[in-house]
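Novice: Quick one: structure below, then a few questions.
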Amino acid sequence: MKVLIVGAGGREHALAWKCAASPEVAEVLVAPGNAGTASEPKVRNIEVGAEDVAGLVKLALDERVDLTIIGPEAPLVAGVADAFGARGLKCFGPPRAAARLEGSKAFAKEFLGRHAIPTAHSRTFTRDSFDPAWVRSQSVPLVVKASGLAGGKGVVIAGSTAEAVASAQAMFAGRFGAAGHEVVIEEFLAGEEASFIVMTDGRHVLPFASAQDHKRRDDGDRGPNTGGMGAYSPAAIVTASVHARIMREVIEPTIRGLAAEGVPYTGFLYAGLMIAADGTPRVLEFNCRLGDPEAQPLLLRLRGDLVQLCAAALEGRLAQVPAAWDERAALGVVLAAAGYPDTVRKGDVISGLEQAARLPGKIFHAATRLEGGQVLTNGGRVLCAVGLGASVAAAQREAYGLAQAVHWSGVHYRRDIGHRAIERGA
Ligand code: AMP
């Protein structure tokens with residue numbers, strides 16, 4: 001089989017690495033990929049952008065690709081799965097109509113409301129319908145969200161109603177471009193966050209192991225929000241009873257709701273959840289793809305054959321393929337470039353990758369590129385060092401062993417990924 005992975009980040013490196021491990025796979029193409037995917041056995045990068053839908057369809061036809069897995073959200077929201085389907089190409093990822101669950105927070109909130117799935121109370125506004133008096137009547141903190149795709153940065157936790165009004169107005173004025181034309185304002189939920197990811201063929205659901213990520217840039221969960229500075233699996237907060245509640249109260253009604261609305265969903269579905277102290281899960285957001293960096297530790301733990309799972313899902317028989325999880329915990333630390341999440345310098349030489357390759361664990365590349373035999377930084381989140389261990393603490397030790405082996409000028413990473421689980425004794 002020939003598999004195509006679309007994307008260029010750490011999640012896509014992990015997907016390519018996992019697919020290449022399948023005995024059924026002869027070759028994995030990655031469009032466009034990074035220096036890490038370029039160096040994996042059986043994997044070849046192709047210079048086609050992840051959002052070039054027509055270019056991706058042509059590539060899949062020219063190369064006679066058997067299965068395509070879409071990494072990031074933007075091509076899904078742009079309708080890449082529809083374009084592949086129209087040409088009879090197998091593509092693991094939801095169609096545009098379903099990807100709106102991620103592409104429009106306003107749509108997602110309406111969907112949650114229609115199907116009585118627990119989430120924060122909210123209202124959605126445009127510039128014309130904005131009602132500052134309503135905002136002033138609410139208790140704080142309030143959460144103000146640009147409705148469209150904003151790379152994880154379009155959310156403001158406002159400590160005062162004045163700040164909430166100002167944040168919404170800044171969004172209407174174009175702070176996040178078109179993503180801020182609609183703004184969702186919602187109640188602040190207390191609790192602990194967890195990422196709950198499933199594969200689905202629209203009827204059957206295969207829950208992945210639980211995971212938790214760290215969105216803030218600095219130790220102690222401080223500093224600006226980022227795309228994610230690290231993640232680990234399992235998440236201690238998702239106990240067996242919380243897991244059962246998430247399936248019953250969130251995942252199953254979501255899949256049933258999509259089916260009832262005539263929206264076929266094949267792909268990964270990611271629910272970002274706030275788990276209250278009593279174990280009640282509430283949806284913060286949906287994503288229509290694997291999380292990054294959650295994918296890196298999750299795919300290191302996946303014992304099943306991902307290609308077989310995706311192929312089965314595309315044939316509506318996901319329930320028939322077994323998937324098991326490594327008993328060990330996995331933990332990934334993101335190594336970022338100086339300045340992240342704002343403007344970062346690119347082109348710094350990364351050293352120590354060969355030494356790191358001899359250590360236990362796995363480094364997945366994100367923003368890297370090859371030039372003259374050297375690996376250079378090429379964006380904000382550069383690498384993700386993932387360790388495995390009998391406990392989250394042991395996986396953390398292995399991950400930091402890897403992180404310490406590599407270096408470039410200005411490298412920044414958190415030293416406390418997994419701290420909540422480790423404080424619980426996990
Ligand atoms: P989202 O993109 O909607 O997941 O929001 C990004 C981050 O903002 C989440 O991971 C939470 O840390 C935080 N957040 C979003 N909505 C809420 C909420 N209603 N209550 C508390 N925190 C929130």
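FYI, nothing fancy with the structure tokens labels: chains A, B, ... in order, residues from 1 per chain, ligands from 1 as they appear.
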Which residues form the shell of 6 Å around ligand 1 when you count only C-alpha atoms and all ligand atoms, given as a PyMOL selection string?

Specialist: chain A and resi 120+143+152+155+186-189+272+284-285

Novice: Write a file of the selected residues as an mmCIF file, in the first residue's frame, keeping C-alpha atoms.

Specialist:
```cif
data_model
loop_
_atom_site.group_PDB
_atom_site.id
_atom_site.type_symbol
_atom_site.label_atom_id
_atom_site.label_comp_id
_atom_site.auth_asym_id
_atom_site.auth_seq_id
_atom_site.Cartn_x
_atom_site.Cartn_y
_atom_site.Cartn_z
ATOM 1 C CA ALA A 120 -20.486 26.281 28.837
ATOM 2 C CA VAL A 143 -14.233 33.551 27.892
ATOM 3 C CA GLY A 152 -5.342 28.025 19.104
ATOM 4 C CA VAL A 155 -9.347 32.707 23.034
ATOM 5 C CA GLU A 186 -19.147 32.014 27.299
ATOM 6 C CA GLU A 187 -19.062 31.288 30.986
ATOM 7 C CA PHE A 188 -15.736 30.284 32.497
ATOM 8 C CA LEU A 189 -15.649 26.632 33.508
ATOM 9 C CA GLY A 272 -11.358 19.329 24.356
ATOM 10 C CA LEU A 284 -14.679 23.368 25.439
ATOM 11 C CA GLU A 285 -14.136 22.739 21.757
#
```

Novice: I'd like the contact shell of stretch 391-393 of chain A - 9 Å cut-off, only C-alpha atoms, skipping same-chain residues fewer than 4 positions apart - returned as a ChimeraX atom specification.

Specialist: /A:232-234,328-331,397-398,418-419,421-422,425-426

Novice: Counting only C-alpha atoms, which residues of stretch 166-250 of chain A sit at most 6 Å from some atom of stretch 334-349 of chain A, and what is each one's closest atom pair with its distance in Å to one decimal, listed by chain and rising residue number, as a Markdown table?

Specialist:
```
| residue | atom | partner | partner_atom | distance |
| --- | --- | --- | --- | --- |
| A:Thr226 | CA | A:Pro341 | CA | 5.8 |
| A:Met229 | CA | A:Val334 | CA | 4.9 |
| A:Gly230 | CA | A:Val334 | CA | 5.2 |
```

Novice: Of the candidates A:Ala133, A:Val183, A:Ala395, A:Ala14, which shows the shortest atom-to-atom distance to A:Gly154, using only C-alpha atoms?

Specialist: A:Val183

Novice: I'd like to know which of A:Ser139, A:Gly372, A:Ala366, A:Gln320 is closest to A:Pro32, using only C-alpha atoms.

Specialist: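 With only C-alpha atoms as the atom set, the closest residue is A:Ala366.
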
Novice: Would you mind listing what lies within 12 Å of A:Ala38 as an NGL selection string, with only C-alpha atoms counted and same-chain residues fewer than 4 positions away left out?

Specialist: :A and (8 or 12-13 or 16-17 or 28-34 or 42-47 or 364-366 or 368-371 or 373 or 375)

Novice: So which residues touch stretch 248-260 of chain A within 9 Å, counting only C-alpha atoms, skipping near sequence neighbours fewer than 5 positions away, as a list of chain:residue names?

Specialist: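 Using only C-alpha atoms, the neighbours found are A:Ala98, A:Phe111, A:Leu112, A:Arg114, A:His115, A:Ala116, A:Ile117, A:Pro118, A:Phe196, A:Val198, A:Thr200, A:Gly202, A:Arg203, A:His204, A:Val205, A:His243, A:Tyr265, A:Leu269, A:Ala271, A:Pro281, A:Arg282, A:Val283.
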
Novice: Interatomic distance between atom CA of A:Ala277 and atom CA of A:Gln296?

Specialist: 28.0 Å

Novice: When DSSP works through the backbone of this structure, what residues of stretch 149-351 of chain A end up as strand (DSSP E or B), shown as a PDB file with C-alpha atoms, in the first residue's frame?

Specialist:
```pdb
ATOM      1  CA  VAL A 155      -9.347  32.707  23.034  1.00  0.00           C
ATOM      2  CA  VAL A 156      -9.192  35.379  25.755  1.00  0.00           C
ATOM      3  CA  ILE A 157     -10.029  34.661  29.393  1.00  0.00           C
ATOM      4  CA  ALA A 158     -11.311  38.063  30.483  1.00  0.00           C
ATOM      5  CA  GLU A 182     -18.272  36.006  14.752  1.00  0.00           C
ATOM      6  CA  VAL A 183     -17.391  35.880  18.445  1.00  0.00           C
ATOM      7  CA  VAL A 184     -18.580  33.406  21.074  1.00  0.00           C
ATOM      8  CA  ILE A 185     -18.695  34.671  24.654  1.00  0.00           C
ATOM      9  CA  GLU A 186     -19.147  32.014  27.299  1.00  0.00           C
ATOM     10  CA  GLU A 187     -19.062  31.288  30.986  1.00  0.00           C
ATOM     11  CA  GLU A 192      -9.102  20.245  34.821  1.00  0.00           C
ATOM     12  CA  GLU A 193      -8.773  19.891  31.058  1.00  0.00           C
ATOM     13  CA  ALA A 194      -8.414  16.634  29.163  1.00  0.00           C
ATOM     14  CA  SER A 195      -8.194  15.770  25.489  1.00  0.00           C
ATOM     15  CA  PHE A 196     -10.445  12.913  24.424  1.00  0.00           C
ATOM     16  CA  ILE A 197      -9.771  11.657  20.928  1.00  0.00           C
ATOM     17  CA  VAL A 198     -11.652   8.971  19.036  1.00  0.00           C
ATOM     18  CA  MET A 199     -11.597   7.446  15.588  1.00  0.00           C
ATOM     19  CA  THR A 200     -15.003   7.033  14.025  1.00  0.00           C
ATOM     20  CA  VAL A 205     -16.278   4.688  17.760  1.00  0.00           C
ATOM     21  CA  LEU A 206     -12.785   3.648  18.761  1.00  0.00           C
ATOM     22  CA  PRO A 207     -11.709   5.739  21.737  1.00  0.00           C
ATOM     23  CA  ALA A 211      -4.244  12.552  26.972  1.00  0.00           C
ATOM     24  CA  GLN A 212      -3.622  15.963  28.419  1.00  0.00           C
ATOM     25  CA  ASP A 213      -1.693  18.830  26.933  1.00  0.00           C
ATOM     26  CA  ARG A 216       0.730  27.769  28.266  1.00  0.00           C
ATOM     27  CA  ARG A 217       4.272  28.527  27.218  1.00  0.00           C
ATOM     28  CA  ASP A 218       5.986  28.614  30.615  1.00  0.00           C
ATOM     29  CA  ARG A 222       1.947  30.511  32.994  1.00  0.00           C
ATOM     30  CA  GLY A 223       2.679  32.785  30.061  1.00  0.00           C
ATOM     31  CA  PRO A 224       0.852  33.099  26.749  1.00  0.00           C
ATOM     32  CA  ASN A 225      -1.325  30.390  25.200  1.00  0.00           C
ATOM     33  CA  GLY A 230       3.794  19.168  25.705  1.00  0.00           C
ATOM     34  CA  ALA A 231       1.354  16.330  26.315  1.00  0.00           C
ATOM     35  CA  TYR A 232       1.134  12.976  28.002  1.00  0.00           C
ATOM     36  CA  SER A 233      -1.024   9.881  28.032  1.00  0.00           C
ATOM     37  CA  GLY A 267     -11.914  10.588  10.821  1.00  0.00           C
ATOM     38  CA  PHE A 268     -10.468  11.604  14.136  1.00  0.00           C
ATOM     39  CA  LEU A 269     -12.753  13.552  16.437  1.00  0.00           C
ATOM     40  CA  TYR A 270     -11.135  15.389  19.307  1.00  0.00           C
ATOM     41  CA  ALA A 271     -13.159  16.767  22.194  1.00  0.00           C
ATOM     42  CA  GLY A 272     -11.358  19.329  24.356  1.00  0.00           C
ATOM     43  CA  LEU A 273     -13.067  18.887  27.728  1.00  0.00           C
ATOM     44  CA  MET A 274     -13.204  20.563  31.098  1.00  0.00           C
ATOM     45  CA  ILE A 275     -13.680  17.945  33.797  1.00  0.00           C
ATOM     46  CA  PRO A 281     -17.292  16.524  31.422  1.00  0.00           C
ATOM     47  CA  ARG A 282     -18.154  19.677  29.441  1.00  0.00           C
ATOM     48  CA  VAL A 283     -17.042  20.413  25.890  1.00  0.00           C
ATOM     49  CA  LEU A 284     -14.679  23.368  25.439  1.00  0.00           C
ATOM     50  CA  GLU A 285     -14.136  22.739  21.757  1.00  0.00           C
ATOM     51  CA  PHE A 286     -14.168  20.122  19.044  1.00  0.00           C
ATOM     52  CA  ASN A 287     -11.289  19.451  16.692  1.00  0.00           C
ATOM     53  CA  LEU A 302      -0.780   2.695  19.972  1.00  0.00           C
ATOM     54  CA  TRP A 325      -2.387   0.513  23.988  1.00  0.00           C
ATOM     55  CA  ALA A 329       2.748   6.062  29.877  1.00  0.00           C
ATOM     56  CA  ALA A 330       4.116   8.356  27.162  1.00  0.00           C
ATOM     57  CA  LEU A 331       5.071  11.998  27.553  1.00  0.00           C
ATOM     58  CA  GLY A 332       6.142  14.532  24.910  1.00  0.00           C
ATOM     59  CA  VAL A 333       8.033  17.784  25.487  1.00  0.00           C
ATOM     60  CA  VAL A 334       7.858  20.435  22.768  1.00  0.00           C
ATOM     61  CA  LEU A 335      11.125  22.231  22.038  1.00  0.00           C
ATOM     62  CA  ALA A 336      10.289  25.679  20.685  1.00  0.00           C
ATOM     63  CA  VAL A 349      21.331  24.812  13.264  1.00  0.00           C
ATOM     64  CA  SER A 351      22.838  19.867  17.055  1.00  0.00           C
TER      65      SER A 351
END
```

Novice: Between atom CA of A:Gly103 and atom CA of A:Val77, what is the distance, to one decimal in Å?

Specialist: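 If I compute the distance from atom CA of A:Gly103 to atom CA of A:Val77, I get 6.0 Å.
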
Novice: So which one's closest to A:Leu149, A:Gln404, A:Thr124, A:Ser104, A:Ser129? Using only C-alpha atoms, please.

Specialist: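 Smallest distance to A:Leu149 is found for A:Ser104.
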
Novice: To one decimal place in Å, what is the distance between atom CA of A:Ser147 and atom CA of A:Glu110?

Specialist: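 That distance, rounded to one decimal, is 12.0 Å.
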
Novice: Give me every helix (DSSP H, G or I) residue in stretch 154-261 of chain A, going by DSSP on the backbone, as a PDB file with N, CA, C and O atoms, in the first residue's frame.

Specialist:
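Full text of part.pdb as output:
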```pdb
ATOM      1  N   THR A 161     -15.597  42.491  32.886  1.00  0.00           N
ATOM      2  CA  THR A 161     -16.502  42.619  31.740  1.00  0.00           C
ATOM      3  C   THR A 161     -15.953  43.655  30.757  1.00  0.00           C
ATOM      4  O   THR A 161     -16.148  43.528  29.543  1.00  0.00           O
ATOM      5  N   ALA A 162     -15.236  44.681  31.282  1.00  0.00           N
ATOM      6  CA  ALA A 162     -14.643  45.684  30.379  1.00  0.00           C
ATOM      7  C   ALA A 162     -13.638  45.008  29.448  1.00  0.00           C
ATOM      8  O   ALA A 162     -13.592  45.288  28.237  1.00  0.00           O
ATOM      9  N   GLU A 163     -12.851  44.097  30.006  1.00  0.00           N
ATOM     10  CA  GLU A 163     -11.862  43.390  29.174  1.00  0.00           C
ATOM     11  C   GLU A 163     -12.566  42.492  28.158  1.00  0.00           C
ATOM     12  O   GLU A 163     -12.130  42.376  27.004  1.00  0.00           O
ATOM     13  N   ALA A 164     -13.666  41.871  28.578  1.00  0.00           N
ATOM     14  CA  ALA A 164     -14.410  41.008  27.649  1.00  0.00           C
ATOM     15  C   ALA A 164     -14.965  41.829  26.484  1.00  0.00           C
ATOM     16  O   ALA A 164     -14.864  41.429  25.319  1.00  0.00           O
ATOM     17  N   VAL A 165     -15.531  42.991  26.797  1.00  0.00           N
ATOM     18  CA  VAL A 165     -16.079  43.856  25.739  1.00  0.00           C
ATOM     19  C   VAL A 165     -14.952  44.286  24.807  1.00  0.00           C
ATOM     20  O   VAL A 165     -15.075  44.211  23.573  1.00  0.00           O
ATOM     21  N   ALA A 166     -13.828  44.722  25.396  1.00  0.00           N
ATOM     22  CA  ALA A 166     -12.707  45.201  24.567  1.00  0.00           C
ATOM     23  C   ALA A 166     -12.161  44.072  23.697  1.00  0.00           C
ATOM     24  O   ALA A 166     -11.823  44.284  22.520  1.00  0.00           O
ATOM     25  N   SER A 167     -12.074  42.849  24.262  1.00  0.00           N
ATOM     26  CA  SER A 167     -11.546  41.713  23.483  1.00  0.00           C
ATOM     27  C   SER A 167     -12.462  41.407  22.309  1.00  0.00           C
ATOM     28  O   SER A 167     -11.991  41.163  21.188  1.00  0.00           O
ATOM     29  N   ALA A 168     -13.777  41.403  22.568  1.00  0.00           N
ATOM     30  CA  ALA A 168     -14.720  41.121  21.480  1.00  0.00           C
ATOM     31  C   ALA A 168     -14.606  42.201  20.409  1.00  0.00           C
ATOM     32  O   ALA A 168     -14.565  41.898  19.210  1.00  0.00           O
ATOM     33  N   GLN A 169     -14.511  43.454  20.847  1.00  0.00           N
ATOM     34  CA  GLN A 169     -14.428  44.542  19.856  1.00  0.00           C
ATOM     35  C   GLN A 169     -13.145  44.442  19.033  1.00  0.00           C
ATOM     36  O   GLN A 169     -13.154  44.698  17.825  1.00  0.00           O
ATOM     37  N   ALA A 170     -12.041  44.043  19.688  1.00  0.00           N
ATOM     38  CA  ALA A 170     -10.777  43.886  18.948  1.00  0.00           C
ATOM     39  C   ALA A 170     -10.926  42.772  17.911  1.00  0.00           C
ATOM     40  O   ALA A 170     -10.394  42.857  16.799  1.00  0.00           O
ATOM     41  N   MET A 171     -11.672  41.726  18.273  1.00  0.00           N
ATOM     42  CA  MET A 171     -11.887  40.626  17.310  1.00  0.00           C
ATOM     43  C   MET A 171     -12.737  41.103  16.131  1.00  0.00           C
ATOM     44  O   MET A 171     -12.421  40.820  14.981  1.00  0.00           O
ATOM     45  N   PHE A 172     -13.810  41.844  16.439  1.00  0.00           N
ATOM     46  CA  PHE A 172     -14.640  42.364  15.336  1.00  0.00           C
ATOM     47  C   PHE A 172     -13.814  43.295  14.441  1.00  0.00           C
ATOM     48  O   PHE A 172     -14.037  43.381  13.236  1.00  0.00           O
ATOM     49  N   GLY A 177      -8.406  38.382  11.924  1.00  0.00           N
ATOM     50  CA  GLY A 177      -8.894  38.344  10.542  1.00  0.00           C
ATOM     51  C   GLY A 177     -10.330  37.870  10.496  1.00  0.00           C
ATOM     52  O   GLY A 177     -11.130  38.156  11.399  1.00  0.00           O
ATOM     53  N   ALA A 178     -10.645  37.088   9.448  1.00  0.00           N
ATOM     54  CA  ALA A 178     -12.027  36.632   9.259  1.00  0.00           C
ATOM     55  C   ALA A 178     -12.480  35.728  10.404  1.00  0.00           C
ATOM     56  O   ALA A 178     -13.689  35.608  10.656  1.00  0.00           O
ATOM     57  N   ALA A 179     -11.541  35.091  11.108  1.00  0.00           N
ATOM     58  CA  ALA A 179     -11.912  34.194  12.215  1.00  0.00           C
ATOM     59  C   ALA A 179     -12.693  34.924  13.298  1.00  0.00           C
ATOM     60  O   ALA A 179     -13.438  34.311  14.046  1.00  0.00           O
ATOM     61  N   GLY A 180     -12.523  36.264  13.388  1.00  0.00           N
ATOM     62  CA  GLY A 180     -13.182  37.028  14.441  1.00  0.00           C
ATOM     63  C   GLY A 180     -14.440  37.750  14.002  1.00  0.00           C
ATOM     64  O   GLY A 180     -14.971  38.580  14.746  1.00  0.00           O
ATOM     65  N   ALA A 240     -11.733   5.559  35.029  1.00  0.00           N
ATOM     66  CA  ALA A 240     -12.663   4.689  34.294  1.00  0.00           C
ATOM     67  C   ALA A 240     -14.074   5.270  34.306  1.00  0.00           C
ATOM     68  O   ALA A 240     -14.792   5.228  33.294  1.00  0.00           O
ATOM     69  N   SER A 241     -14.491   5.842  35.444  1.00  0.00           N
ATOM     70  CA  SER A 241     -15.874   6.357  35.481  1.00  0.00           C
ATOM     71  C   SER A 241     -15.990   7.658  34.682  1.00  0.00           C
ATOM     72  O   SER A 241     -17.011   7.895  34.021  1.00  0.00           O
ATOM     73  N   VAL A 242     -14.957   8.506  34.694  1.00  0.00           N
ATOM     74  CA  VAL A 242     -15.002   9.724  33.872  1.00  0.00           C
ATOM     75  C   VAL A 242     -15.008   9.331  32.395  1.00  0.00           C
ATOM     76  O   VAL A 242     -15.743   9.899  31.577  1.00  0.00           O
ATOM     77  N   HIS A 243     -14.213   8.320  32.044  1.00  0.00           N
ATOM     78  CA  HIS A 243     -14.171   7.816  30.664  1.00  0.00           C
ATOM     79  C   HIS A 243     -15.570   7.395  30.217  1.00  0.00           C
ATOM     80  O   HIS A 243     -16.042   7.768  29.135  1.00  0.00           O
ATOM     81  N   ALA A 244     -16.232   6.640  31.071  1.00  0.00           N
ATOM     82  CA  ALA A 244     -17.575   6.152  30.721  1.00  0.00           C
ATOM     83  C   ALA A 244     -18.535   7.329  30.546  1.00  0.00           C
ATOM     84  O   ALA A 244     -19.376   7.336  29.635  1.00  0.00           O
ATOM     85  N   ARG A 245     -18.413   8.337  31.413  1.00  0.00           N
ATOM     86  CA  ARG A 245     -19.300   9.506  31.278  1.00  0.00           C
ATOM     87  C   ARG A 245     -19.009  10.275  29.986  1.00  0.00           C
ATOM     88  O   ARG A 245     -19.930  10.752  29.326  1.00  0.00           O
ATOM     89  N   ILE A 246     -17.729  10.421  29.637  1.00  0.00           N
ATOM     90  CA  ILE A 246     -17.382  11.152  28.403  1.00  0.00           C
ATOM     91  C   ILE A 246     -17.985  10.425  27.200  1.00  0.00           C
ATOM     92  O   ILE A 246     -18.579  11.045  26.309  1.00  0.00           O
ATOM     93  N   MET A 247     -17.858   9.100  27.182  1.00  0.00           N
ATOM     94  CA  MET A 247     -18.420   8.347  26.061  1.00  0.00           C
ATOM     95  C   MET A 247     -19.939   8.530  25.998  1.00  0.00           C
ATOM     96  O   MET A 247     -20.501   8.790  24.937  1.00  0.00           O
ATOM     97  N   ARG A 248     -20.593   8.397  27.158  1.00  0.00           N
ATOM     98  CA  ARG A 248     -22.060   8.405  27.187  1.00  0.00           C
ATOM     99  C   ARG A 248     -22.629   9.810  26.998  1.00  0.00           C
ATOM    100  O   ARG A 248     -23.616  10.004  26.298  1.00  0.00           O
ATOM    101  N   GLU A 249     -21.986  10.806  27.605  1.00  0.00           N
ATOM    102  CA  GLU A 249     -22.585  12.151  27.633  1.00  0.00           C
ATOM    103  C   GLU A 249     -22.066  13.058  26.517  1.00  0.00           C
ATOM    104  O   GLU A 249     -22.695  14.049  26.190  1.00  0.00           O
ATOM    105  N   VAL A 250     -20.910  12.720  25.941  1.00  0.00           N
ATOM    106  CA  VAL A 250     -20.329  13.612  24.924  1.00  0.00           C
ATOM    107  C   VAL A 250     -20.153  12.900  23.572  1.00  0.00           C
ATOM    108  O   VAL A 250     -20.712  13.325  22.559  1.00  0.00           O
ATOM    109  N   ILE A 251     -19.375  11.819  23.560  1.00  0.00           N
ATOM    110  CA  ILE A 251     -18.971  11.241  22.272  1.00  0.00           C
ATOM    111  C   ILE A 251     -20.162  10.589  21.567  1.00  0.00           C
ATOM    112  O   ILE A 251     -20.427  10.869  20.391  1.00  0.00           O
ATOM    113  N   GLU A 252     -20.895   9.728  22.285  1.00  0.00           N
ATOM    114  CA  GLU A 252     -21.994   9.020  21.614  1.00  0.00           C
ATOM    115  C   GLU A 252     -23.075   9.981  21.110  1.00  0.00           C
ATOM    116  O   GLU A 252     -23.486   9.885  19.950  1.00  0.00           O
ATOM    117  N   PRO A 253     -23.523  10.949  21.932  1.00  0.00           N
ATOM    118  CA  PRO A 253     -24.508  11.892  21.372  1.00  0.00           C
ATOM    119  C   PRO A 253     -23.965  12.727  20.218  1.00  0.00           C
ATOM    120  O   PRO A 253     -24.731  13.124  19.328  1.00  0.00           O
ATOM    121  N   THR A 254     -22.656  12.981  20.203  1.00  0.00           N
ATOM    122  CA  THR A 254     -22.085  13.751  19.087  1.00  0.00           C
ATOM    123  C   THR A 254     -22.150  12.938  17.798  1.00  0.00           C
ATOM    124  O   THR A 254     -22.589  13.438  16.746  1.00  0.00           O
ATOM    125  N   ILE A 255     -21.746  11.673  17.875  1.00  0.00           N
ATOM    126  CA  ILE A 255     -21.762  10.831  16.664  1.00  0.00           C
ATOM    127  C   ILE A 255     -23.205  10.612  16.199  1.00  0.00           C
ATOM    128  O   ILE A 255     -23.512  10.695  15.010  1.00  0.00           O
ATOM    129  N   ARG A 256     -24.109  10.367  17.167  1.00  0.00           N
ATOM    130  CA  ARG A 256     -25.532  10.199  16.811  1.00  0.00           C
ATOM    131  C   ARG A 256     -26.087  11.480  16.207  1.00  0.00           C
ATOM    132  O   ARG A 256     -26.838  11.458  15.233  1.00  0.00           O
ATOM    133  N   GLY A 257     -25.699  12.619  16.767  1.00  0.00           N
ATOM    134  CA  GLY A 257     -26.201  13.906  16.283  1.00  0.00           C
ATOM    135  C   GLY A 257     -25.741  14.181  14.865  1.00  0.00           C
ATOM    136  O   GLY A 257     -26.520  14.647  14.026  1.00  0.00           O
ATOM    137  N   LEU A 258     -24.468  13.888  14.585  1.00  0.00           N
ATOM    138  CA  LEU A 258     -23.969  14.097  13.221  1.00  0.00           C
ATOM    139  C   LEU A 258     -24.726  13.209  12.250  1.00  0.00           C
ATOM    140  O   LEU A 258     -25.143  13.656  11.171  1.00  0.00           O
ATOM    141  N   ALA A 259     -24.919  11.944  12.637  1.00  0.00           N
ATOM    142  CA  ALA A 259     -25.624  11.013  11.752  1.00  0.00           C
ATOM    143  C   ALA A 259     -27.062  11.492  11.534  1.00  0.00           C
ATOM    144  O   ALA A 259     -27.566  11.497  10.401  1.00  0.00           O
ATOM    145  N   ALA A 260     -27.716  11.944  12.614  1.00  0.00           N
ATOM    146  CA  ALA A 260     -29.105  12.397  12.502  1.00  0.00           C
ATOM    147  C   ALA A 260     -29.210  13.623  11.598  1.00  0.00           C
ATOM    148  O   ALA A 260     -30.225  13.827  10.932  1.00  0.00           O
TER     149      ALA A 260
END
```

Novice: At a cut-off of 7 Å, using only C-alpha atoms, what residues contact A:Thr68? Leave out same-chain residues fewer than 4 positions from it and give the result as a PDB file with all heavy atoms, in the first residue's frame.

Specialist:
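result-v4.pdb written:
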```pdb
ATOM      1  N   VAL A   3       0.680   5.187   1.234  1.00  0.00           N
ATOM      2  CA  VAL A   3      -0.096   6.068   2.109  1.00  0.00           C
ATOM      3  C   VAL A   3       0.421   7.493   1.943  1.00  0.00           C
ATOM      4  O   VAL A   3       1.633   7.703   1.811  1.00  0.00           O
ATOM      5  CB  VAL A   3       0.041   5.618   3.586  1.00  0.00           C
ATOM      6  CG1 VAL A   3      -0.678   6.584   4.521  1.00  0.00           C
ATOM      7  CG2 VAL A   3      -0.510   4.209   3.771  1.00  0.00           C
ATOM      8  N   LEU A   4      -0.480   8.447   1.948  1.00  0.00           N
ATOM      9  CA  LEU A   4      -0.104   9.868   1.900  1.00  0.00           C
ATOM     10  C   LEU A   4      -0.531  10.539   3.209  1.00  0.00           C
ATOM     11  O   LEU A   4      -1.682  10.416   3.620  1.00  0.00           O
ATOM     12  CB  LEU A   4      -0.801  10.552   0.714  1.00  0.00           C
ATOM     13  CG  LEU A   4      -0.744  12.084   0.640  1.00  0.00           C
ATOM     14  CD1 LEU A   4       0.690  12.591   0.511  1.00  0.00           C
ATOM     15  CD2 LEU A   4      -1.590  12.597  -0.535  1.00  0.00           C
ATOM     16  N   ILE A   5       0.415  11.214   3.838  1.00  0.00           N
ATOM     17  CA  ILE A   5       0.111  12.019   5.030  1.00  0.00           C
ATOM     18  C   ILE A   5       0.183  13.483   4.622  1.00  0.00           C
ATOM     19  O   ILE A   5       1.178  13.920   4.031  1.00  0.00           O
ATOM     20  CB  ILE A   5       1.141  11.760   6.163  1.00  0.00           C
ATOM     21  CG1 ILE A   5       1.268  10.266   6.486  1.00  0.00           C
ATOM     22  CG2 ILE A   5       0.787  12.577   7.401  1.00  0.00           C
ATOM     23  CD1 ILE A   5       0.050   9.624   7.064  1.00  0.00           C
ATOM     24  N   LYS A  90      -9.475   7.392  -1.372  1.00  0.00           N
ATOM     25  CA  LYS A  90      -9.762   7.143   0.045  1.00  0.00           C
ATOM     26  C   LYS A  90      -9.030   8.156   0.909  1.00  0.00           C
ATOM     27  O   LYS A  90      -7.804   8.271   0.833  1.00  0.00           O
ATOM     28  CB  LYS A  90      -9.327   5.729   0.426  1.00  0.00           C
ATOM     29  CG  LYS A  90     -10.222   4.685  -0.184  1.00  0.00           C
ATOM     30  CD  LYS A  90     -10.006   3.340   0.449  1.00  0.00           C
ATOM     31  CE  LYS A  90     -11.072   2.391  -0.069  1.00  0.00           C
ATOM     32  NZ  LYS A  90     -10.772   1.006   0.231  1.00  0.00           N
ATOM     33  N   CYS A  91      -9.776   8.856   1.729  1.00  0.00           N
ATOM     34  CA  CYS A  91      -9.202   9.933   2.537  1.00  0.00           C
ATOM     35  C   CYS A  91      -9.774   9.848   3.948  1.00  0.00           C
ATOM     36  O   CYS A  91     -10.997   9.903   4.125  1.00  0.00           O
ATOM     37  CB  CYS A  91      -9.556  11.268   1.897  1.00  0.00           C
ATOM     38  SG  CYS A  91      -8.956  12.687   2.799  1.00  0.00           S
ATOM     39  N   PHE A  92      -8.905   9.689   4.928  1.00  0.00           N
ATOM     40  CA  PHE A  92      -9.352   9.600   6.316  1.00  0.00           C
ATOM     41  C   PHE A  92      -9.388  11.006   6.914  1.00  0.00           C
ATOM     42  O   PHE A  92      -8.363  11.601   7.230  1.00  0.00           O
ATOM     43  CB  PHE A  92      -8.430   8.693   7.129  1.00  0.00           C
ATOM     44  CG  PHE A  92      -8.970   8.398   8.497  1.00  0.00           C
ATOM     45  CD1 PHE A  92     -10.060   7.558   8.654  1.00  0.00           C
ATOM     46  CD2 PHE A  92      -8.403   8.971   9.620  1.00  0.00           C
ATOM     47  CE1 PHE A  92     -10.581   7.299   9.916  1.00  0.00           C
ATOM     48  CE2 PHE A  92      -8.914   8.713  10.886  1.00  0.00           C
ATOM     49  CZ  PHE A  92      -9.999   7.871  11.024  1.00  0.00           C
TER      50      PHE A  92
END
```
